[in-house]
Amino acid sequence: MVCNNNDERLPMSFFQRLGFGRKKAAAVTSTPDVLRFATPPPQLPNPELPVTPAPEGPGREKFRDFFEIMPSAFVILDAVPSQDAVDPVDFVFSYVNPRFESLIERPREALIGHSLREANPYLQTFHTELLMYVLSSWDSTLFVDETLLPGRVLKITMYRPAENRIACLLEDITSVREGETALRRRHEVERKLALIATRLISCTRDNLDEIVSDALMQIGKFYRLMRCTICRIDPDAQRISMTHEWCAPGAVALKPELQELPAENFRWRINQLLEFGEVWIPDPEGLPPEAASEREFLFNHGIHSLATTALYQDDHLSGFVCFHLGAGFSLFHPTDMPVLHAITTTFSNAFWRVRMENILQTRQEQMLQSQKLESIGRLAGGVAHDFNNMLSVILGFSDLILERMPEEDPNRADLLEIHKAANRSKSLAGQLLAFARKQASEPRLLNLNKIIADSSNLLRKLAGEAVQLRIVPDASLCDVSMDATQLNQVIMNLIVNARDALPSGGIIELSTRQVVVGESDPVFQAHLPPGEYAELTVTDNGTGMPPEVLEHLFEPFFTTKKVGQGTGLGLSTVYGIVHQHQGEILVRSAPGAGSSFSLYFPRASGARGTSTQSVPALSSGHGHEVILLVEDEPALLKLGTSVLSRSGYRVLAADSPTKALSLARQEEGLIDLLITDVVMPEMNGRDLFGELRKTQPRLPCLFMSGYTSDIIDRQGILESDIHFLQKPFRASILQQKVRAMLDELAHPQDDPLST
């Protein structure tokens, strides 16, 4: 019993205002100790003599009426002798008000004249001792009791209004106590939630799993759960997997079992989450028939009660948090659901933030990689430009020499080796230009399935006998706009790369698929704008690649092959061609898990047709027309003049645009064809062509360059009806192209540069 100090006064009580005296009171807030009286027990009247009743009068009736209508329970107990040797004093009811009757659910007729011990079987020793204390000391006592009426919390005040009489005021404070408990619990929940939210807010992708697992542990211990889990939903595969789990001691972990399960197994729960955002199952027996699989799952895993709240990603259901209760665990209350929702929201926010960080970092890495590759591309393109000029000289003059050299000449074999080396160098320069996206492209509408089918025999030969090549086409695949030659080059490079990853043989799968990329697609949003795409995927079950190889995969001359087994330009060429056609590459690989290269090309519409460039027809290559040849590289100018002159043309050779304009004025518009380099000092080839067209509007032009950025558009696509010759070229190709263009003069086409 906790009592106030003797020198402290309580406020005037109800009984004191009624004239029952002002005495020091004791407040008892818990089960009191056995009381030991400081004074002897009160002297009770002789039991053989009747107790003198209090005098009747109008004042007594007035107070009785007041007690009858008061909202608190009120009783008066009379102390009478008892035949019990242990408790010589008993207390009997002499008055109870209606509120007391309703509180204990017994009428006053069953109470008046009966002892307190008979009326309440829950009466304990300390209650009797408190009564004796008040009776003997004239002190008032205030205490809170939870034992007299099970399920009720009573605030009891005892006074001694008269000799051998005790008055008791009982207030039912059960709802107040419940409110205090709920408020205290709410404050504790808010504190716990704030701690969890603070950690989740500060988490990064490196420590996300650790912090989420710790948060589940804190929640599980606070709510005394059997298990607390997080499951994620794969919307594409319609699969559910458990990603995080906390289990109470003795509970069986479900994470190993709940991986890649069909979402259909949890269809009822998912539908409830989609509609309400939560699922509360106090008893699995009460589940509807359509939730039979859910009921079976709960029974099989010993879950007696379940609360589930939804995880969202971009306003779409992405998973859920489950709170499991087993046998012997306290049940959830509906008022707990808002708190569980708040906890789940903190998880959703953490997952979203880390996801955004991943996307940001991915885009930053892509930007850095793109800038690095762009820098390398500019260098490669510049090198290829000068390299092609030199190769044009080597190939051209070797062609002229071979044309005049007898078959039996002992030097012919040496010259042919020079010619072969130059051709191999030409291929190398072409790959550099492809990576730099400076290679001229002649796109047309193509179907990837048809291109693959037409080249399947060649691809199987490339793969080799030890490798099984599987081709899996999608019949609904859309058309794409691509250069057929470059597309074949891409496919062959990927097949060769996959083959090299299978030193002991294996399987290569070449598949196509129609893909629709949405604005919030988590797989593609960092790579592709929304729209329809044709997907081309080459997958192998080979050795795979570690992250440090993936980081440099598309860089020119980067290779993991032995010296002499590769140039390191195969995937660089693929990278350049795919991006030149507004496509994208996604690579998935891990050591020992094989590799997958997925290429995405945007859907193209229109009618399938032929290339934008006409293929020159073979002819004798001889003519008599006047050709203005403009080239700032002296060796190439000399070569072109020699080749064309040998074919019968009259060649006006100019090493600069200024000289070319001067020669054109001298000829007074009698030039039949302009052949010009693109990149020159003073004036580029396009501007020179425009100047000459002012005086000779129908003058045709053949552009030639080893670096095509000034004659092709930004995507590397040749403008319609622009005639172009890629350096390096052989003398015979120059002859054929010139003759074909001059033969077309009889059938002029629309002027591409006219306004």
# chains A, B, ... in the order shown; residues from 1 in each chain; ligands from 1
>>> residues_around(residues="Arg152 of chain A", least_positions_apart="4", cutoff="12 Å", atoms="only C-alpha atoms", output="JSON, numbers by chain")
{"A": [103, 104, 144, 145, 146, 147, 148, 170, 171, 172, 173, 174, 175, 176, 177, 178]}
>>> write_last_selection(atoms="C-alpha atoms", output="mmCIF file, in the first residue's frame")
data_model
loop_
_atom_site.group_PDB
_atom_site.id
_atom_site.type_symbol
_atom_site.label_atom_id
_atom_site.label_comp_id
_atom_site.auth_asym_id
_atom_site.auth_seq_id
_atom_site.Cartn_x
_atom_site.Cartn_y
_atom_site.Cartn_z
ATOM 1 C CA LEU A 103 -21.986 -2.788 -11.650
ATOM 2 C CA ILE A 104 -22.043 -6.232 -10.000
ATOM 3 C CA VAL A 144 -7.235 1.097 -7.670
ATOM 4 C CA ASP A 145 -8.313 -2.523 -7.826
ATOM 5 C CA GLU A 146 -8.393 -5.060 -10.680
ATOM 6 C CA THR A 147 -9.423 -8.168 -8.681
ATOM 7 C CA LEU A 148 -12.859 -7.542 -7.138
ATOM 8 C CA LEU A 170 -16.558 2.769 -6.451
ATOM 9 C CA GLU A 171 -15.802 4.272 -9.881
ATOM 10 C CA ASP A 172 -15.468 2.051 -12.944
ATOM 11 C CA ILE A 173 -12.323 3.371 -14.681
ATOM 12 C CA THR A 174 -11.881 0.392 -17.031
ATOM 13 C CA SER A 175 -12.272 2.512 -20.162
ATOM 14 C CA VAL A 176 -9.915 5.132 -18.756
ATOM 15 C CA ARG A 177 -7.307 2.498 -17.972
ATOM 16 C CA GLU A 178 -7.733 0.989 -21.453
#
>>> residues_around(residues="segment 342-346 of chain A", least_positions_apart="2", cutoff="9 Å", atoms="only C-alpha atoms", output="list in words")
Leu193, Ile196, Ala197, Leu200, Ile201, Ile219, Thr309, Ala310, Leu311, Tyr312, Phe320, Val321, Met337, Pro338, Val339, Leu340, Ser348, Asn349, Ala350 and Phe351 of chain A
>>> write_last_selection(atoms="N, CA and C atoms", output="PDB file, in the first residue's frame")
ATOM      1  N   LEU A 193       8.330   3.176 -34.407  1.00  0.00           N
ATOM      2  CA  LEU A 193       8.180   3.459 -35.835  1.00  0.00           C
ATOM      3  C   LEU A 193       9.125   4.570 -36.278  1.00  0.00           C
ATOM      4  N   ILE A 196      12.579   3.095 -36.633  1.00  0.00           N
ATOM      5  CA  ILE A 196      12.681   2.278 -37.851  1.00  0.00           C
ATOM      6  C   ILE A 196      12.722   3.168 -39.083  1.00  0.00           C
ATOM      7  N   ALA A 197      11.819   4.175 -39.130  1.00  0.00           N
ATOM      8  CA  ALA A 197      11.761   5.064 -40.293  1.00  0.00           C
ATOM      9  C   ALA A 197      13.049   5.852 -40.456  1.00  0.00           C
ATOM     10  N   LEU A 200      15.564   3.597 -42.042  1.00  0.00           N
ATOM     11  CA  LEU A 200      15.235   3.310 -43.435  1.00  0.00           C
ATOM     12  C   LEU A 200      15.460   4.518 -44.328  1.00  0.00           C
ATOM     13  N   ILE A 201      15.215   5.709 -43.788  1.00  0.00           N
ATOM     14  CA  ILE A 201      15.421   6.925 -44.585  1.00  0.00           C
ATOM     15  C   ILE A 201      16.887   7.098 -44.929  1.00  0.00           C
ATOM     16  N   ILE A 219      10.122  -5.034 -35.359  1.00  0.00           N
ATOM     17  CA  ILE A 219       8.659  -5.137 -35.438  1.00  0.00           C
ATOM     18  C   ILE A 219       8.196  -6.461 -34.844  1.00  0.00           C
ATOM     19  N   THR A 309       0.010  -6.179 -45.484  1.00  0.00           N
ATOM     20  CA  THR A 309      -0.168  -4.842 -46.046  1.00  0.00           C
ATOM     21  C   THR A 309       0.619  -4.733 -47.343  1.00  0.00           C
ATOM     22  N   ALA A 310       0.132  -3.887 -48.241  1.00  0.00           N
ATOM     23  CA  ALA A 310       0.653  -3.838 -49.607  1.00  0.00           C
ATOM     24  C   ALA A 310       1.866  -2.927 -49.722  1.00  0.00           C
ATOM     25  N   LEU A 311       2.827  -3.387 -50.533  1.00  0.00           N
ATOM     26  CA  LEU A 311       3.958  -2.561 -50.957  1.00  0.00           C
ATOM     27  C   LEU A 311       3.665  -2.040 -52.361  1.00  0.00           C
ATOM     28  N   TYR A 312       3.974  -0.755 -52.583  1.00  0.00           N
ATOM     29  CA  TYR A 312       3.674  -0.153 -53.884  1.00  0.00           C
ATOM     30  C   TYR A 312       4.949   0.375 -54.533  1.00  0.00           C
ATOM     31  N   PHE A 320       4.318  -7.330 -50.718  1.00  0.00           N
ATOM     32  CA  PHE A 320       3.549  -7.167 -49.484  1.00  0.00           C
ATOM     33  C   PHE A 320       4.409  -7.554 -48.285  1.00  0.00           C
ATOM     34  N   VAL A 321       4.025  -7.004 -47.126  1.00  0.00           N
ATOM     35  CA  VAL A 321       4.668  -7.319 -45.852  1.00  0.00           C
ATOM     36  C   VAL A 321       3.696  -8.168 -45.047  1.00  0.00           C
ATOM     37  N   MET A 337      -3.890  -2.101 -37.629  1.00  0.00           N
ATOM     38  CA  MET A 337      -3.671  -2.042 -39.071  1.00  0.00           C
ATOM     39  C   MET A 337      -3.110  -0.702 -39.544  1.00  0.00           C
ATOM     40  N   PRO A 338      -3.587   0.456 -39.044  1.00  0.00           N
ATOM     41  CA  PRO A 338      -2.972   1.721 -39.493  1.00  0.00           C
ATOM     42  C   PRO A 338      -1.478   1.787 -39.190  1.00  0.00           C
ATOM     43  N   VAL A 339      -1.084   1.236 -38.038  1.00  0.00           N
ATOM     44  CA  VAL A 339       0.344   1.237 -37.701  1.00  0.00           C
ATOM     45  C   VAL A 339       1.116   0.339 -38.658  1.00  0.00           C
ATOM     46  N   LEU A 340       0.546  -0.828 -38.955  1.00  0.00           N
ATOM     47  CA  LEU A 340       1.208  -1.737 -39.890  1.00  0.00           C
ATOM     48  C   LEU A 340       1.306  -1.107 -41.274  1.00  0.00           C
ATOM     49  N   SER A 348       8.183   0.791 -48.387  1.00  0.00           N
ATOM     50  CA  SER A 348       7.971   1.184 -49.792  1.00  0.00           C
ATOM     51  C   SER A 348       8.843   2.376 -50.151  1.00  0.00           C
ATOM     52  N   ASN A 349       8.879   3.367 -49.261  1.00  0.00           N
ATOM     53  CA  ASN A 349       9.686   4.556 -49.534  1.00  0.00           C
ATOM     54  C   ASN A 349      11.170   4.217 -49.628  1.00  0.00           C
ATOM     55  N   ALA A 350      11.631   3.325 -48.742  1.00  0.00           N
ATOM     56  CA  ALA A 350      13.050   2.942 -48.771  1.00  0.00           C
ATOM     57  C   ALA A 350      13.384   2.208 -50.064  1.00  0.00           C
ATOM     58  N   PHE A 351      12.509   1.259 -50.452  1.00  0.00           N
ATOM     59  CA  PHE A 351      12.752   0.526 -51.696  1.00  0.00           C
ATOM     60  C   PHE A 351      12.732   1.470 -52.894  1.00  0.00           C
TER      61      PHE A 351
END
>>> closest_residue(among="A:Leu674, A:Thr658, A:Glu667, A:Ser642", to="Ile627 of chain A", atoms="only C-alpha atoms")
A:Leu674
>>> residues_around(residues="Ala73 of chain A", least_positions_apart="6", cutoff="12 Å", atoms="only C-alpha atoms", output="number ranges by chain")
A: 66-67, 95-105, 154-157, 167-173
>>> residues_around(residues="segment 113-118 of chain A", least_positions_apart="4", cutoff="7 Å", atoms="only C-alpha atoms", output="VMD selection string")
chain A and resid 90 to 94 123
>>> closest_residue(among="A:His581, A:Lys694, A:Arg106, A:Arg588", to="Val538 of chain A", atoms="only C-alpha atoms")
A:Arg588
>>> residues_around(residues="Gly464 of chain A", least_positions_apart="3", cutoff="12 Å", atoms="only C-alpha atoms", output="PyMOL selection string")
chain A and resi 457-461+467-469+495-496+498-500+502-508
>>> write_last_selection(atoms="C-alpha atoms", output="short mmCIF file (atom, residue, chain, number, x, y, z; two decimals), in the first residue's frame")
data_model
loop_
_atom_site.label_atom_id
_atom_site.label_comp_id
_atom_site.auth_asym_id
_atom_site.auth_seq_id
_atom_site.Cartn_x
_atom_site.Cartn_y
_atom_site.Cartn_z
CA ASN A 457 23.43 -22.09 -92.69
CA LEU A 458 26.33 -19.64 -92.49
CA LEU A 459 25.67 -19.02 -88.81
CA ARG A 460 25.74 -22.75 -88.04
CA LYS A 461 29.09 -23.04 -89.79
CA VAL A 467 28.06 -25.99 -80.63
CA GLN A 468 24.32 -26.44 -80.99
CA LEU A 469 22.68 -23.34 -82.48
CA ILE A 495 27.62 -15.69 -82.77
CA VAL A 496 31.41 -15.74 -82.99
CA ALA A 498 29.32 -16.71 -78.06
CA ARG A 499 31.19 -19.55 -79.78
CA ASP A 500 34.49 -18.38 -78.30
CA LEU A 502 32.22 -22.27 -75.39
CA PRO A 503 35.68 -23.85 -75.70
CA SER A 504 34.27 -27.31 -75.00
CA GLY A 505 31.04 -26.87 -76.92
CA GLY A 506 27.60 -25.94 -75.68
CA ILE A 507 24.40 -24.24 -76.74
CA ILE A 508 23.83 -20.88 -78.42
#
>>> closest_residue(among="A:Gln489, A:Asp655, A:Ile675, A:Pro262", to="Val574 of chain A", atoms="only C-alpha atoms")
A:Gln489
>>> select_by_dssp(residues="segment 656-745 of chain A", states="strand (DSSP E or B)", output="ChimeraX atom specification")
/A:673-677,701-705,712,717-718,723-726
>>> write_last_selection(atoms="N, CA and C atoms", output="short mmCIF file (atom, residue, chain, number, x, y, z; two decimals), in the first residue's frame")
data_model
loop_
_atom_site.label_atom_id
_atom_site.label_comp_id
_atom_site.auth_asym_id
_atom_site.auth_seq_id
_atom_site.Cartn_x
_atom_site.Cartn_y
_atom_site.Cartn_z
N LEU A 673 30.65 15.30 -114.98
CA LEU A 673 30.56 14.68 -113.66
C LEU A 673 31.58 15.33 -112.73
N LEU A 674 31.13 15.59 -111.47
CA LEU A 674 32.04 16.08 -110.44
C LEU A 674 32.33 14.95 -109.47
N ILE A 675 33.63 14.66 -109.27
CA ILE A 675 34.05 13.72 -108.23
C ILE A 675 34.87 14.51 -107.23
N THR A 676 34.40 14.56 -105.97
CA THR A 676 35.07 15.40 -104.99
C THR A 676 35.19 14.73 -103.64
N ASP A 677 36.30 15.03 -103.00
CA ASP A 677 36.46 14.63 -101.60
C ASP A 677 35.51 15.48 -100.76
N CYS A 701 27.14 14.51 -109.09
CA CYS A 701 28.32 14.54 -108.22
C CYS A 701 28.49 13.20 -107.52
N LEU A 702 29.72 12.75 -107.42
CA LEU A 702 30.08 11.55 -106.67
C LEU A 702 31.00 11.98 -105.53
N PHE A 703 30.49 11.87 -104.29
CA PHE A 703 31.29 12.20 -103.12
C PHE A 703 32.13 10.98 -102.72
N MET A 704 33.35 11.24 -102.26
CA MET A 704 34.20 10.17 -101.75
C MET A 704 34.89 10.66 -100.49
N SER A 705 34.97 9.75 -99.49
CA SER A 705 35.59 10.12 -98.23
C SER A 705 35.89 8.87 -97.43
N ILE A 712 26.91 12.12 -94.45
CA ILE A 712 25.79 11.36 -93.91
C ILE A 712 25.15 12.17 -92.80
N ILE A 717 23.06 7.78 -91.76
CA ILE A 717 22.22 7.32 -92.86
C ILE A 717 22.46 8.21 -94.07
N LEU A 718 22.74 7.60 -95.20
CA LEU A 718 22.95 8.37 -96.42
C LEU A 718 21.66 9.05 -96.84
N HIS A 723 25.12 10.12 -104.08
CA HIS A 723 26.08 9.11 -104.53
C HIS A 723 27.36 9.25 -103.73
N PHE A 724 27.80 8.14 -103.16
CA PHE A 724 28.92 8.19 -102.25
C PHE A 724 29.82 6.98 -102.46
N LEU A 725 31.12 7.20 -102.39
CA LEU A 725 32.10 6.13 -102.53
C LEU A 725 32.99 6.15 -101.29
N GLN A 726 32.92 5.06 -100.55
CA GLN A 726 33.66 4.97 -99.30
C GLN A 726 35.13 4.62 -99.57
#
>>> residues_around(residues="Cys322 of chain A", least_positions_apart="6", cutoff="6 Å", atoms="only C-alpha atoms", output="compact mmCIF listing (two decimals) with N, CA and C atoms, in the first residue's frame")
# COMPACT_ATOMS: atom_id res chain seq x y z
N CYS A 228 7.88 -12.39 -39.46
CA CYS A 228 7.63 -11.13 -40.16
C CYS A 228 8.42 -11.20 -41.47
N THR A 229 7.74 -11.04 -42.61
CA THR A 229 8.38 -11.28 -43.90
C THR A 229 8.02 -10.19 -44.91
N ALA A 307 -1.73 -10.75 -40.74
CA ALA A 307 -2.00 -9.40 -41.23
C ALA A 307 -1.02 -9.14 -42.38
N THR A 308 -1.52 -8.62 -43.49
CA THR A 308 -0.70 -8.34 -44.67
C THR A 308 -1.02 -6.95 -45.18
>>> atom_distance(atom1="atom CA of Gln313 of chain A", atom2="atom CA of Arg353 of chain A")
10.4 Å
>>> residues_around(residues="Ile451 of chain A", least_positions_apart="3", cutoff="12 Å", atoms="only C-alpha atoms", output="MDAnalysis selection string")
chainID A and resid 445:448 454:459 471 473 479:480 482:492 512 536
>>> write_last_selection(atoms="N, CA and C atoms", output="JSON list (two decimals), in the first residue's frame")
[["chain", "number", "residue", "atom", "x", "y", "z"],
["A", 445, "LEU", "N", 13.51, -1.39, -94.78],
["A", 445, "LEU", "CA", 12.69, -2.15, -93.85],
["A", 445, "LEU", "C", 13.05, -3.63, -93.93],
["A", 446, "LEU", "N", 13.38, -4.19, -92.79],
["A", 446, "LEU", "CA", 13.80, -5.58, -92.73],
["A", 446, "LEU", "C", 13.03, -6.31, -91.64],
["A", 447, "ASN", "N", 12.92, -7.62, -91.80],
["A", 447, "ASN", "CA", 12.38, -8.48, -90.76],
["A", 447, "ASN", "C", 13.52, -9.33, -90.23],
["A", 448, "LEU", "N", 13.79, -9.20, -88.92],
["A", 448, "LEU", "CA", 14.92, -9.92, -88.35],
["A", 448, "LEU", "C", 14.80, -11.43, -88.55],
["A", 454, "ASP", "N", 17.68, -16.57, -93.59],
["A", 454, "ASP", "CA", 18.48, -16.59, -94.81],
["A", 454, "ASP", "C", 19.95, -16.90, -94.53],
["A", 455, "SER", "N", 20.42, -16.51, -93.34],
["A", 455, "SER", "CA", 21.84, -16.72, -93.03],
["A", 455, "SER", "C", 22.07, -17.85, -92.04],
["A", 456, "SER", "N", 21.04, -18.67, -91.80],
["A", 456, "SER", "CA", 21.14, -19.70, -90.76],
["A", 456, "SER", "C", 22.25, -20.71, -91.06],
["A", 457, "ASN", "N", 22.39, -21.11, -92.34],
["A", 457, "ASN", "CA", 23.43, -22.09, -92.69],
["A", 457, "ASN", "C", 24.82, -21.54, -92.39],
["A", 458, "LEU", "N", 25.04, -20.26, -92.76],
["A", 458, "LEU", "CA", 26.33, -19.64, -92.49],
["A", 458, "LEU", "C", 26.57, -19.53, -90.99],
["A", 459, "LEU", "N", 25.53, -19.18, -90.25],
["A", 459, "LEU", "CA", 25.67, -19.02, -88.81],
["A", 459, "LEU", "C", 26.02, -20.35, -88.13],
["A", 471, "ILE", "N", 17.56, -21.60, -83.00],
["A", 471, "ILE", "CA", 16.95, -20.37, -83.49],
["A", 471, "ILE", "C", 15.48, -20.37, -83.07],
["A", 473, "PRO", "N", 12.41, -17.91, -83.33],
["A", 473, "PRO", "CA", 11.85, -16.65, -83.82],
["A", 473, "PRO", "C", 10.47, -16.37, -83.22],
["A", 479, "ASP", "N", 8.80, -5.01, -88.06],
["A", 479, "ASP", "CA", 9.91, -4.68, -88.95],
["A", 479, "ASP", "C", 10.79, -3.60, -88.32],
["A", 480, "VAL", "N", 12.04, -3.57, -88.77],
["A", 480, "VAL", "CA", 12.97, -2.53, -88.33],
["A", 480, "VAL", "C", 13.63, -1.92, -89.56],
["A", 482, "MET", "N", 17.02, -0.99, -91.08],
["A", 482, "MET", "CA", 18.43, -1.25, -90.88],
["A", 482, "MET", "C", 19.12, -1.51, -92.21],
["A", 483, "ASP", "N", 20.43, -1.38, -92.16],
["A", 483, "ASP", "CA", 21.27, -1.78, -93.27],
["A", 483, "ASP", "C", 21.45, -3.30, -93.17],
["A", 484, "ALA", "N", 21.05, -4.03, -94.22],
["A", 484, "ALA", "CA", 21.08, -5.49, -94.16],
["A", 484, "ALA", "C", 22.49, -6.02, -93.96],
["A", 485, "THR", "N", 23.46, -5.42, -94.62],
["A", 485, "THR", "CA", 24.84, -5.88, -94.49],
["A", 485, "THR", "C", 25.33, -5.69, -93.06],
["A", 486, "GLN", "N", 25.02, -4.53, -92.48],
["A", 486, "GLN", "CA", 25.47, -4.27, -91.12],
["A", 486, "GLN", "C", 24.74, -5.17, -90.12],
["A", 487, "LEU", "N", 23.46, -5.47, -90.37],
["A", 487, "LEU", "CA", 22.73, -6.37, -89.48],
["A", 487, "LEU", "C", 23.36, -7.76, -89.50],
["A", 488, "ASN", "N", 23.70, -8.24, -90.67],
["A", 488, "ASN", "CA", 24.38, -9.54, -90.76],
["A", 488, "ASN", "C", 25.71, -9.52, -90.04],
["A", 489, "GLN", "N", 26.41, -8.39, -90.14],
["A", 489, "GLN", "CA", 27.69, -8.26, -89.44],
["A", 489, "GLN", "C", 27.50, -8.34, -87.93],
["A", 490, "VAL", "N", 26.45, -7.69, -87.42],
["A", 490, "VAL", "CA", 26.15, -7.72, -85.99],
["A", 490, "VAL", "C", 25.87, -9.15, -85.53],
["A", 491, "ILE", "N", 25.01, -9.86, -86.26],
["A", 491, "ILE", "CA", 24.63, -11.22, -85.85],
["A", 491, "ILE", "C", 25.85, -12.14, -85.87],
["A", 492, "MET", "N", 26.65, -12.05, -86.93],
["A", 492, "MET", "CA", 27.82, -12.92, -87.02],
["A", 492, "MET", "C", 28.82, -12.63, -85.92],
["A", 512, "THR", "N", 14.23, -14.05, -81.18],
["A", 512, "THR", "CA", 13.64, -12.72, -81.41],
["A", 512, "THR", "C", 12.36, -12.61, -80.60],
["A", 536, "LEU", "N", 16.45, -8.80, -80.36],
["A", 536, "LEU", "CA", 17.29, -9.87, -80.88],
["A", 536, "LEU", "C", 18.25, -10.28, -79.76]]
>>> closest_residue(among="A:Val75, A:Ala604, A:Ile233, A:Leu131", to="Asp87 of chain A", atoms="only C-alpha atoms")
A:Leu131
